[in-house]
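Notes to accompany the following structure.
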Amino acid sequence: MALLACPPCSCVGSRLLQQKRPDVCSSNPRKFLVKCVSQKKQVELERLFSNLNQTTLKREPGSLSSAVFLVAGTTVGAGILAIPAVTQESGFLATAITCVFCWAYMVATGLLVAEVNINTMSQLGSTSVSLVSMAMRTLGDVGVQIVCWTYIFIHYALLVAYVARSSEILTKFVGIPLWESATLFSLVLGGICYFGSQRFIGAVNGVLVTGIIISFAALVAVASGYLQWSALLKANFQAVPMSIPIIILSFVYQNVVPVLCTDLEGDLSKVRTSIVLGTTIPLILFLVWDAVILGTITHVEMGSGKIMDPLQLLESTNVAVGPIVEVFSIFAISTSYIGFVLGLCDFLSDLLKLPAGQSWPVLPYLFTLIPPVVLSLLDPEIFFKALDFAGTYGVLLLFGILPAVMSWSDRYSSSSIAVKVPRLVPGGRFTLSLIVAGAGCVIFSEIFDK
């Protein structure tokens, strides 16, 4: 990667920022800062740096479509399989409204992560920084400890859930032992992440997302014949709070935002577009999925206080639905698995202080791929346990409260850098306070209920 340079100067960020108005920058650092700050104009960024092919030394700009597929693929994970199970009591209408609010909430926190990430790259002069570096710069040692342990817990919990579910499906299809299915799944997708280039991984994600759409369309076509439209009008808002952690978990993609910012060269417009479009696709899928399931299971008698597996509910309505659901599940889990592997490897590389640009760093991938396989084999029934616990506590803390707190420090701390990227989330302190309060309310309500 190559940093785009303005005329030689020592002002913060000027060594990195490629500006649409080059006349703003000056070789005099003091003049540069005064001009940016006194006129209260934020620098309009095209990109922070250029990604170069190490062989040809030609620029390889990140693909916007690949970024959208990466966000969409990461978001559409195993959480979608659990949504109908936790929302059947609240009903589709109340769930749809909740999903839209949760989507907007998670888009906002993802944009906050991107804003802080790009500002951190500007200050540190690095082309790749993870949440650890962001937390160290904005929150200090305490913030780093919270981010590290929460991030690692969430990623391992969800990777364990993905490996457990996928190995169960593969064992049923292929007929091989569970440990072979888990190993095969991890080796194939882990190998793609390890050896594949940005464009190749983006292409694989594109294929997987296309598979999700096709299998999802087939699923809707088969299951919608049993749909009872009147059932979609049910709305029990009192039951909504219990479904929020799983819905929030289903919209998790913020772990790949640092990867996005690097792949898209810190281009604010592309980063914003990839996040908004990449999460809108899962939102539509979630709503249609929930409508089909909740509109077809009204005749199924539920046990007292027992939540039935959505897959079992579908298979009970039509024998042709089961295989389609499992194919859809494999595609959905695979896209999310790739995103989480990339995010965790990037995080561990930063945590282990590995040099930037190192070819094929083995250690982060070993730490990322091996533990989930082992843990999933120790407890094959861990799928729903991992989803529930990670969504209730880890996600709302790491991808709800912390992005707002880091952004608050980044925007309003006197020690923060003078030249910053435009704010990606409007509303100032009020919006940041609302984000923190919303996550805090859900966490405390879950603690008191249990």
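How things are named: the first chain in the structure tokens is A, the next is B, and so on; residues count from 1 in each chain; ligands count from 1 in the order shown.
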Checklist entry - Which polymer residues have any atom within 8 Å of an atom of Ala404 of chain A, counting only C-alpha atoms, with same-chain residues fewer than 2 positions away left out, as a ChimeraX atom specification? => result /A:109,112,400-402,406-408,432-433,435-436
For the selection just defined, write its residues with N, CA, C and O atoms to a file, as an mmCIF file, in the first residue's frame.
data_model
loop_
_atom_site.group_PDB
_atom_site.id
_atom_site.type_symbol
_atom_site.label_atom_id
_atom_site.label_comp_id
_atom_site.auth_asym_id
_atom_site.auth_seq_id
_atom_site.Cartn_x
_atom_site.Cartn_y
_atom_site.Cartn_z
ATOM 1 N N THR A 109 -24.097 2.704 14.238
ATOM 2 C CA THR A 109 -22.894 2.300 14.974
ATOM 3 C C THR A 109 -21.781 1.865 14.019
ATOM 4 O O THR A 109 -20.602 2.091 14.284
ATOM 5 N N LEU A 112 -20.153 4.951 12.780
ATOM 6 C CA LEU A 112 -19.291 5.513 13.829
ATOM 7 C C LEU A 112 -17.955 4.774 13.873
ATOM 8 O O LEU A 112 -16.900 5.394 14.045
ATOM 9 N N GLY A 400 -22.447 -1.513 20.138
ATOM 10 C CA GLY A 400 -23.482 -0.544 20.460
ATOM 11 C C GLY A 400 -22.923 0.607 21.278
ATOM 12 O O GLY A 400 -22.854 1.742 20.821
ATOM 13 N N ILE A 401 -22.505 0.294 22.488
ATOM 14 C CA ILE A 401 -22.034 1.330 23.414
ATOM 15 C C ILE A 401 -20.650 1.847 23.021
ATOM 16 O O ILE A 401 -20.428 3.066 22.948
ATOM 17 N N LEU A 402 -19.710 0.931 22.781
ATOM 18 C CA LEU A 402 -18.324 1.349 22.549
ATOM 19 C C LEU A 402 -18.132 2.238 21.318
ATOM 20 O O LEU A 402 -17.369 3.206 21.376
ATOM 21 N N MET A 406 -16.345 5.795 21.786
ATOM 22 C CA MET A 406 -15.118 6.116 21.053
ATOM 23 C C MET A 406 -15.318 7.344 20.177
ATOM 24 O O MET A 406 -14.435 8.208 20.080
ATOM 25 N N SER A 407 -16.464 7.430 19.535
ATOM 26 C CA SER A 407 -16.748 8.585 18.682
ATOM 27 C C SER A 407 -16.847 9.858 19.508
ATOM 28 O O SER A 407 -16.391 10.926 19.076
ATOM 29 N N TRP A 408 -17.449 9.773 20.686
ATOM 30 C CA TRP A 408 -17.547 10.938 21.578
ATOM 31 C C TRP A 408 -16.151 11.457 21.906
ATOM 32 O O TRP A 408 -15.880 12.658 21.814
ATOM 33 N N LEU A 432 -25.250 10.298 20.015
ATOM 34 C CA LEU A 432 -24.346 9.379 20.703
ATOM 35 C C LEU A 432 -24.928 8.941 22.045
ATOM 36 O O LEU A 432 -24.833 7.761 22.417
ATOM 37 N N SER A 433 -25.532 9.869 22.769
ATOM 38 C CA SER A 433 -26.159 9.529 24.053
ATOM 39 C C SER A 433 -27.314 8.559 23.855
ATOM 40 O O SER A 433 -27.523 7.628 24.648
ATOM 41 N N ILE A 435 -27.670 6.363 21.470
ATOM 42 C CA ILE A 435 -27.138 5.040 21.131
ATOM 43 C C ILE A 435 -26.687 4.295 22.387
ATOM 44 O O ILE A 435 -26.991 3.109 22.576
ATOM 45 N N VAL A 436 -25.979 4.996 23.268
ATOM 46 C CA VAL A 436 -25.517 4.375 24.512
ATOM 47 C C VAL A 436 -26.701 3.988 25.389
ATOM 48 O O VAL A 436 -26.753 2.871 25.945
#
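All residues within segment 31-240 of chain A that the backbone DSSP calculation assigns to strand (DSSP E or B) are Leu45, Glu46, Arg47, Phe49, Ser50, Leu52 and Arg59 of chain A.
Every protein, DNA or RNA residue with an atom at most 6 Å from Thr74 of chain A, where only C-alpha atoms count and chain neighbours fewer than 5 positions away do not, is listed here: Tyr253, Thr335, Ser336 and Gly339 of chain A.
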Could you save those same residues with N, CA, C and O atoms as a PDB file, in the first residue's frame?
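part-v9.pdb, freshly written:
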ATOM      1  N   TYR A 253     -22.094  -6.659  11.605  1.00  0.00           N
ATOM      2  CA  TYR A 253     -21.148  -6.616  10.492  1.00  0.00           C
ATOM      3  C   TYR A 253     -19.977  -5.697  10.827  1.00  0.00           C
ATOM      4  O   TYR A 253     -19.004  -5.620  10.079  1.00  0.00           O
ATOM      5  N   THR A 335     -21.082 -17.140   4.315  1.00  0.00           N
ATOM      6  CA  THR A 335     -20.769 -15.724   4.100  1.00  0.00           C
ATOM      7  C   THR A 335     -20.415 -15.040   5.413  1.00  0.00           C
ATOM      8  O   THR A 335     -19.467 -14.255   5.481  1.00  0.00           O
ATOM      9  N   SER A 336     -21.177 -15.342   6.444  1.00  0.00           N
ATOM     10  CA  SER A 336     -20.902 -14.730   7.741  1.00  0.00           C
ATOM     11  C   SER A 336     -19.583 -15.237   8.313  1.00  0.00           C
ATOM     12  O   SER A 336     -18.816 -14.475   8.904  1.00  0.00           O
ATOM     13  N   GLY A 339     -16.641 -13.358   6.782  1.00  0.00           N
ATOM     14  CA  GLY A 339     -16.508 -12.020   7.344  1.00  0.00           C
ATOM     15  C   GLY A 339     -15.927 -12.028   8.743  1.00  0.00           C
ATOM     16  O   GLY A 339     -15.069 -11.205   9.080  1.00  0.00           O
TER      17      GLY A 339
END
Checklist entry - What's the 7 Å shell around Trp103 of chain A, counting only C-alpha atoms, without same-chain residues fewer than 3 positions away, as a list in words? => result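 So the residues in contact are Cys99, Val100, Met106, Val107, Phe251 and Leu283 of chain A.
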Using N, CA, C and O atoms, can you write the selected residues to a file as a short mmCIF file (atom, residue, chain, number, x, y, z; two decimals), in the first residue's frame?
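File out_11.cif, as written:
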data_model
loop_
_atom_site.label_atom_id
_atom_site.label_comp_id
_atom_site.auth_asym_id
_atom_site.auth_seq_id
_atom_site.Cartn_x
_atom_site.Cartn_y
_atom_site.Cartn_z
N CYS A 99 -37.30 -4.57 13.60
CA CYS A 99 -36.18 -4.83 12.69
C CYS A 99 -35.69 -3.55 12.03
O CYS A 99 -34.48 -3.34 11.89
N VAL A 100 -36.62 -2.69 11.63
CA VAL A 100 -36.22 -1.44 10.97
C VAL A 100 -35.45 -0.55 11.95
O VAL A 100 -34.42 0.05 11.60
N MET A 106 -27.90 -0.22 14.00
CA MET A 106 -26.64 -0.87 13.65
C MET A 106 -25.93 -0.19 12.48
O MET A 106 -24.70 -0.22 12.40
N VAL A 107 -26.68 0.42 11.58
CA VAL A 107 -26.05 1.24 10.53
C VAL A 107 -25.32 2.41 11.16
O VAL A 107 -24.18 2.73 10.79
N PHE A 251 -27.78 -8.36 12.79
CA PHE A 251 -27.30 -7.24 11.99
C PHE A 251 -25.82 -6.92 12.25
O PHE A 251 -25.36 -5.83 11.90
N LEU A 283 -31.76 -6.73 5.67
CA LEU A 283 -33.03 -6.25 6.25
C LEU A 283 -34.22 -6.79 5.46
O LEU A 283 -35.20 -7.28 6.04
#
Next on the checklist: What's the separation between atom CA of Ser166 of chain A and atom CA of Pro372 of chain A, in Å to one decimal place?
Outcome noted: 12.0 Å
Item to check | Top pick for closest residue to Leu424 of chain A, considering A:Gly73, A:Leu268, A:Ile212, A:Leu187 and counting only C-alpha atoms | outcome: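 Among the listed residues, the smallest separation from Leu424 of chain A belongs to A:Leu268.
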Next on the checklist: Considering only C-alpha atoms, can you say which of A:Ala231, A:Leu249, A:Met121, A:Val116 comes closest to Ala135 of chain A?
Outcome noted: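 Looking only at the distances to Ala135 of chain A, the closest residue turns out to be A:Val116.
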